[in-house]
Amino acid sequence: MSSSQAESQVNASRSSATSLYSTLFSVFRRELRIAFRQQSDMINPILFFLMVVTMMPLGISPQASVLSELAPGLLWVIALLACLLSLDGLFRSDYEDGTLEQCILSTQPLYFIVLAKVMVHWLTTGLPLTLVAPLLGVLLSLPTDGFVPLWLSLMLGTATLSFVGAIGAALTVSLRKGGLLLSLIIMPLYVPVLIFGASTVRYAVEGVAYGSTLAVLGGFFALAFVLAPLAIAGALRMSVEE
Amino acid sequence: MNWQWFHRLGSPRWFYEKTSRWMPWLLSVTLLLLAVGVVWGLGYAPMDSKQGNSYRIIYIHVPAAFLALAGYYVMAIAGAVGIIWQMKMSYTVMRAAAPIGAVLTFLALVTGALWGKPTWGTWWVWDARITSMLILLFLYLGIIALQGAYQQQRTANKACAILALVGTVNIPIIYKSVDWWFTLHQPATLKLVGESSIDPSMAYPLLVMIAGFYGLYSWLLMHWVRADILQSESKTQWVKEIVVK
C-alpha cells in the first residue's frame, strides 16, 4: 500500500469519526430543541406522576405508617407507568412527516441517530421524573433514608426504561392505535428494572447496604444502552417499509 | 455439507407434502407415549408420603411448563431464521408457536393452582416460578397482540420476530430477577417437590410424559403450520388439488 493511499484511508476514517460525532450532536440538539418547544410533552408525565401519587392516600389510607411502608414500590410503579405513557410519541411525529425515512436513508448509521433520540427522551422525561420523585416521596411519607437511593435508582432505572421502551415505540409507530399495545408488549420487559429499583429504595429504608442492587441497575442500563438501539433500528426499518 | 434440505424447507408445498407422510407416525408415537405416561403416572407410580395423590398433577404440570419455556425459544429461533434468511416458512412456524406456547403456559399455571390448593392451602402464591410463568404468559400474549395489530402479514412477521428476540435476551434476566426477588421477600417455608430428589419410580413416568408432550407439541405445531400453509397458498393449483381430493 502506498503512503498516499494509507494517508487517504486515515483521513477517511477520521472524517467518518467526526461526522459520526456531528451526527450524534446534531440529532441530539434537534431533538432537545423540539422537546423544549413542545413543553407539554415534558410536563405531562410529571403531572401524571403527581396525580396518581395523590390517588394513593385517597385509595389506600392517609396514615403515614401505611404509606411509608408502600412508598418505595408505589413511587417506582407510578414512575414506570409515567415513562411508559410518554413513549408513545417518541417516533410518531418523525414517522408522520417523513423524517424517519430520511434518517434511514442517510449515510450515517441509524444506530447512533436512535441512540441520540432515546437519550434526549430520557433527558426530557426520565430525568424530570427523577427530579420530582423525592418531592412525591414526601407526600407518601417515604422515610428520609430512602430519598437519595430513590433518586439514584430512578436515575439509572428510567434510562433503562427509555431504551427498552423505545423498542416498543419503534415496533408500534406505524399503528394508528399503538398506545395500549405498546404498554402490553413492553411491561413484561420492565419487570427486572422494577424489582431492582424498588428493592434499592426498600433496602435503604431498612438500613441495608443498597450498593449491590444499584450496581445491577447499572448493569441493566449498560446492556440496554448497547443492545436496545440495534432492536430499535431494526424495528424502525420495518415500520417505515410498511 | 449439503444444505439442500434447508432451502427446501422454505417451500410451503415441499413442507406440506413431506409432513403429510410424517404426521400419522408422529401422532401415533405421541399418543402411545402419552397413554403410557398417563396410565403409569396416575395408576402405578407410588403415592407421595406427604402430598398423597395430589402430587400426580406434576405429570401434566411439569411437561406443560417445560414445553411452555422451550416453545418460546422455538418461536424466537424461528423468528431469527426468518429475519436472517428471509424465509417465509419460518415466520409461519413462529406464528404457530405463539398461541400453542401461550396455551401451554396457561395450562402450567392452572395445574399449578390446582395443585397449590390442597398442598399450600391457597390457589395463588407469589412464588418465583409461578411469577416467572405468569410473565412468560404476558410475553406470549404480547406477541399475539402485536401479530393481530398489523394489516400486513409481512410487517407483522418482522415485528413479532424482533419482539421475540428481545424477549429471548430478557427471559434469563427476568427469571433471575424474579428468583432473587422471591428469596428477598418470602421466608423459605414453601418447598416445591422439584427441590427434593424425586424417586425414580415417580421420575420415569414423568420422563415419558415429557417425551409425550414434546411429541404433542411438534404435532400441534406442524398441524398449525400446515393449516396456515393451506390458507395462505389457497390460490395455488396444488392446494386446490388437495382440497378437491
# chains A, B, ... in the order shown; residues from 1 in each chain; ligands from 1

call {"tool": "residues_around", "arguments": {"residues": "B:Met87", "least_positions_apart": "5", "cutoff": "10 Å", "atoms": "only C-alpha atoms", "output": "number ranges by chain"}}
result
B: 7, 9-11, 78-82, 92

call {"tool": "closest_atom_pairs", "arguments": {"of": "chain A", "to": "chain B", "cutoff": "10 Å", "atoms": "only C-alpha atoms", "output": "tab-separated table"}}
result
residue	atom	partner	partner_atom	distance
A:Val164	CA	B:Val166	CA	9.1
A:Ile167	CA	B:Leu163	CA	8.2
A:Gly168	CA	B:Leu163	CA	8.1
A:Ala170	CA	B:Ala159	CA	9.4
A:Leu171	CA	B:Ala159	CA	6.1
A:Thr172	CA	B:Leu146	CA	8.3
A:Ser174	CA	B:Tyr150	CA	8.7
A:Leu175	CA	B:Tyr150	CA	7.1
A:Arg176	CA	B:Ala149	CA	9.5
A:Lys177	CA	B:Ala149	CA	8.8
A:Gly178	CA	B:Ala149	CA	8.5
A:Leu181	CA	B:Leu146	CA	7.1
A:Leu182	CA	B:Leu146	CA	8.8
A:Ser183	CA	B:Gly142	CA	9.2
A:Leu184	CA	B:Gly142	CA	5.8
A:Ile185	CA	B:Gly142	CA	4.5
A:Ile186	CA	B:Gly142	CA	8.1
A:Met187	CA	B:Phe138	CA	8.6
A:Pro188	CA	B:Ile135	CA	5.9
A:Leu189	CA	B:Asn170	CA	6.7
A:Tyr190	CA	B:Ile174	CA	8.8
A:Val191	CA	B:Ile174	CA	6.6
A:Pro192	CA	B:Ser177	CA	5.5
A:Val193	CA	B:Ser177	CA	8.7
A:Leu194	CA	B:Ser177	CA	9.6
A:Ile195	CA	B:Trp181	CA	6.7
A:Phe196	CA	B:Ser177	CA	7.7
A:Ser199	CA	B:Trp181	CA	8.3
A:Val216	CA	B:Ser177	CA	9.9
A:Phe220	CA	B:Ile173	CA	9.2
A:Leu227	CA	B:Val166	CA	9.3
A:Ala228	CA	B:Val166	CA	8.4
A:Ala231	CA	B:Ile162	CA	6.7
A:Ile232	CA	B:Ile162	CA	9.1
A:Gly234	CA	B:Ile162	CA	7.6
A:Ala235	CA	B:Ala159	CA	6.6
A:Leu236	CA	B:Ala159	CA	9.7
A:Met238	CA	B:Thr155	CA	6.5
A:Ser239	CA	B:Thr155	CA	7.3
A:Val240	CA	B:Thr155	CA	9.7
A:Glu241	CA	B:Thr155	CA	8.1
A:Glu242	CA	B:Thr155	CA	6.4

call {"tool": "closest_residue", "arguments": {"among": "B:Ala45, B:Ala108, B:Leu26, B:Met133", "to": "B:Asp199", "atoms": "only C-alpha atoms"}}
result
B:Ala45

call {"tool": "atom_distance", "arguments": {"atom1": "atom CA of A:Met119", "atom2": "atom CA of A:Asp88"}}
result
15.6 Å

call {"tool": "residues_around", "arguments": {"residues": "B:Ala113", "least_positions_apart": "6", "cutoff": "9 Å", "atoms": "only C-alpha atoms", "output": "PyMOL selection string"}}
result
chain B and resi 122-125

call {"tool": "write_last_selection", "arguments": {"atoms": "C-alpha atoms", "output": "compact mmCIF listing (two decimals), in the first residue's frame"}}
result
# COMPACT_ATOMS: atom_id res chain seq x y z
CA THR B 122 -54.24 -21.44 48.54
CA TRP B 123 -54.81 -21.09 44.80
CA TRP B 124 -52.19 -18.47 44.23
CA VAL B 125 -48.85 -17.80 45.85

call {"tool": "atom_distance", "arguments": {"atom1": "atom CA of B:Thr19", "atom2": "atom CA of B:His223"}}
result
9.2 Å

call {"tool": "residues_around", "arguments": {"residues": "A:Leu161", "least_positions_apart": "5", "cutoff": "9 Å", "atoms": "only C-alpha atoms", "output": "ChimeraX atom specification"}}
result
/A:80,83-84,122,126,156,166,190,193,221,224

call {"tool": "select_by_dssp", "arguments": {"residues": "chain A", "states": "alpha helix (DSSP H)", "output": "MDAnalysis selection string"}}
result
chainID A and resid 3:37 39:59 64:86 92:96 99:105 110:121 127:139 147:172 179:206 211:241

call {"tool": "residues_around", "arguments": {"residues": "B:Ile60", "least_positions_apart": "3", "cutoff": "12 Å", "atoms": "only C-alpha atoms", "output": "ChimeraX atom specification"}}
result
/B:34,37-38,41-42,54-57,63-67,104-105,107-112,114-115,205-213

call {"tool": "residues_around", "arguments": {"residues": "B:Val239", "least_positions_apart": "3", "cutoff": "12 Å", "atoms": "only C-alpha atoms", "output": "ChimeraX atom specification"}}
result
/B:12-14,16-17,226-236,242-245

call {"tool": "residues_around", "arguments": {"residues": "A:Leu75", "least_positions_apart": "3", "cutoff": "12 Å", "atoms": "only C-alpha atoms", "output": "MDAnalysis selection string"}}
result
chainID A and resid 49:56 67:72 78:82 129:130 132:142 146:147 150:151 153:154 194 197:199 201:202
